[in-house]
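Only one structure is covered here, and it is reproduced in the block below.
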Amino acid sequence: MATPHTRERLFLFGLLTPVTLLLGIFFLLPLAVIVIYSWLMPGLYGGVEWEFYHWNYGRLFGWADGVMEIYEPIYLKILLRSLSLAILTVLLTLVLCYPVAFWISRLSPRWQVVFLFLITLPFFTSLVVRLYAWLLILKPSGVLNSTLLGMGLISEPLEILFTRTAVVIGMAYVMIPFMFMPLFASIGNLDRSLLEASSDLGAGRVQTFFKVMLPQTMPGVIGGSVIVFIPSVGNFVVPDVLGGAKGLMIGNLVEQQFLSARNWPFGSALSVVIMAVVLGVMLIYVTRLVREGRAS
Amino acid sequence: MTQILEVRGARRVFKTPEGGTVAALDGVDLDVGQNEFVTLLGPSGCGKTTLLRSISGFEQLDSGALMLEGKDIGRMPAFRRPVNTVFQSYALFSHMTVERNVAYSLEVAGASKQEQKILAGEALEMVGLSGTGSRMPSQLSGGQRQRVALARAIVARPKLLLLDEPLSALDRRLRQKMQIELKALQSELGIAFVFVTHDQEEALTMSDRIVVMRGGQIEQCGAPRDIFRKPRTKFVAEFIGDTNLFETTIECVHGGRILALTREGTKIWLSEETKLAKGDAATVVIRPTDLQVQDAHSSCGFRGKITRVIYLGTDLHYYVQPAVGGQELLVVSRTDGSRRAPGDEVTLTYRPERAHVVEDC
């Protein structure tokens with residue numbers, strides 16, 4: 001019997017089926033493959049042997065036998081370094097984007113459209129090309145150094161290229177639009193009369209910012225941070241171009257395991273660990289902010 | 001009475017999107033006495049909100065002086081002015097509890113937690129919201145939020161409280177209740193209130209003094225009774241209360257008595273001091289409540305025919321078409337035993353002292 005109720009259910013089911021299939025096949029399935037591979041033995045010439053094998057994780061965390069698999073603390077170090085670079089990227093983009101988002105949100109709608117377009121403009125060019133442009137800017141004889149030298153601000157070229165600084169600059173550059181959009185949405189929705197009320201009640205600019213504006217725009221801050229942090233941790237293109245040996249990140253390591261070393265299980269294990277760590281960090285961060293927002 | 005606020009020659013010009021300029025304030029002088037309830041009344045765009053925002057410090061005057069207790073506050077930033085505002089949108093901080101909202105001005109001034117708690121509790125009690133301190137603003141009704149906004153603005157005992165159409169979002173019943181409570185609160189606190197509204201009834205209910213504004217200037221300033229009884233201009237007469245207007249020519253002036261003739265030839269007797277002389281044009285106002293409906297054969301008054309009768313419980317509204325032609329007149333009288341119906345011939349009478357000449361502008 002096709003009662004209106006069941007018909008409605010069928011309709012909903014019909015709408016949800018494509019997206020369920022899409023996510024199932026192209027998202028959950030690969031994820032499952034990675035998790036399973038991370039517990040299998042690497043084949044001699046790439047590929048896997050279907051045999052339970054926990055040394056992939058042992059090699060990372062220190063229960064390696066020292067014969068077949070060797071424990072290297074460098075992997076964890078690189079993971080930690082990646083996390084810290086990602087956090088730096090989040091902070092840098094946040095500090096850069098917040099005032100700009102505030103400024104643009106106060107413009108007339110016509111100018112807002114213009115500036116939003118300008119912010120998305122970098123997407124029109126390939127990421128790699130844009131990063132090579134940064135290479136030209138940052139290198140010892142590049143635009144930045146020759147300008148600073150010419151102005152007499154420095155006496156010898158700054159060594160920025162192929163350092164972690166270069167990686168953070170590059171990552172911040174890539175991630176700015178992702179931080180900007182949620183921030184802009186949040187700040188644009190901010191009720192101006194709240195700022196006036198705060199000022200009216202005797203709060204100066206700094207107090208108004210920390211007591212009213214920042215808490216009120218917290219959804220944008222959280223959203224932007226999450227969207228920037230997650231891809232930053234696993235990013236391998238930026239450190240590849242700008243990082244050199246000192247700027248190697250966990251993403252590069254995974255890439256090497258899959259493409260050069262042909263050790264898919266170990267690469268999978270690294271990926272699973274990144275995922276677990278990112279998930280953990282995000283859970284702590286978000287729940288704490290939410291709780292703080294509720295308490296204050 | 002000592003003045004708490006003095007505004008002198010306030011001017012503020014805005015640029016319009018078309019590139020022109022418009023004077024939101026065009027030479028405004030205003031005094032507010034200690035413990036006085038002053039209402040700024042006018043249609044939207046008359047400059048009342050700009051004046052309020054200039055006092056609170058959100059707008060800077062282009063020229064003119066702003067003195068609070070004799071001190072010039074014209075260049076003082078908003079957060080330093082000992083003046084608080086109740087916003088039209090309430091502007092409550094949705095991420096803070098009611099208590100923290102109310103205590104906000106104390107918190108930023110560095111008061112102890114203990115003091116904040118006590119004073120916020122007192123303020124909430126004054127507005128009838130004790131016990132809601134731990135709730136979030138989103139858990140309150142519109143009327144309750146309004147009260148929180150009020151408590152937040154009075155907790156630090158400002159010298160002057162500014163209210164920007166705070167009751168406009170409330171339903172009629174609640175609004176009337178709040179009007180009475182606001183007035184009571186104002187006398188209890190002994191703080192001067194400057195209240196902005198476009199609602200004439202609200203202005204008449206609460207104010208010690210009404211300032212009627214129009215086009216960036218003060219049209220008339222006075223006690224509610226004077227504004228209602230003796231409007232200076234046609235604009236004020238029409239803005240406040242229903243009114244019957246007569247375009248007349250002065251026929252003769254003798255002592256305190258004036259005889260005016262409408263275009264249709266109806267005589268109107270007035271009893272007031274005037275500078276007008278024979279032959280001058282004059283607009284005469286008679287309030288609908290000052291006209292009485294009499295039987296047709298009564299001697300003097302406006303003869304006419306009832307076109308509509310509207311029953312409003314305690315009041316009856318009669319619309320009367322004068323026999324000589326001209327605009328329909330409105331008469332408001334208390335409901336009584338008489339059963340007059342549309343089509344009845346009647347005469348409308350009035351007391352000469354209740355007719356009043358207004359300026360034409």
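Residues are referred to by chain and number: the chain letter is A, B, ... according to the order shown in the structure tokens, the number counts from 1 in that chain, and ligands are numbered separately from 1 in the order shown.
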* Expected answer as a list of chain:residue names: chain A residues within 8 Å of chain B, only C-alpha atoms ->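 Taking only C-alpha atoms into account, A:Asp191, A:Ser193, A:Leu194, A:Glu196, A:Ala197, A:Ser198, A:Ser199, A:Asp200, A:Leu201, A:Gly202, A:Ala203, A:Gly204, A:Gln207, A:Val212, A:Pro215, A:Gln216, A:Gly293, A:Arg294, A:Ala295, A:Ser296 sit within 8 Å of chain B.
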* To do: Using DSSP on the backbone coordinates, identify the residues of stretch 24-126 of chain B assigned to helix (DSSP H, G or I); present them as a VMD selection string.
  => chain B and resid 48 to 56 78 to 80 98 to 102 104 to 108 113 to 126
* To do: Just list the residues in stretch 52-292 of chain B DSSP gives strand (DSSP E or B) on the backbone, as an NGL selection string.
  => :B and (63-68 or 71-72 or 83-86 or 160-164 or 192-197 or 209-214 or 217-222 or 233 or 244-254 or 257-262 or 267-271 or 281-286 or 292)
* Which neighbours of B:Ser333 fall inside 10 Å, counting only C-alpha atoms, when residues of the same chain fewer than 2 positions from it are skipped, and could you give them as a list in words? ->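 So, after excluding close chain neighbours, the residues are Pro288, Thr289, Asp290, Leu291, Gln292, Val293, Thr314, Asp315, Leu316, His317, Tyr318, Leu330, Val331, Thr335 and Asp336 of chain B.
Rounded to one decimal, atom CA of B:Arg287 and atom CA of B:Leu270 lie 13.4 Å from each other.
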* To do: Within 7 Å of B:Gly215, counting only C-alpha atoms, which residues show up once you throw out same-chain ones fewer than 6 positions away? Write them as a VMD selection string, please.
  => chain B and resid 24 46 to 47
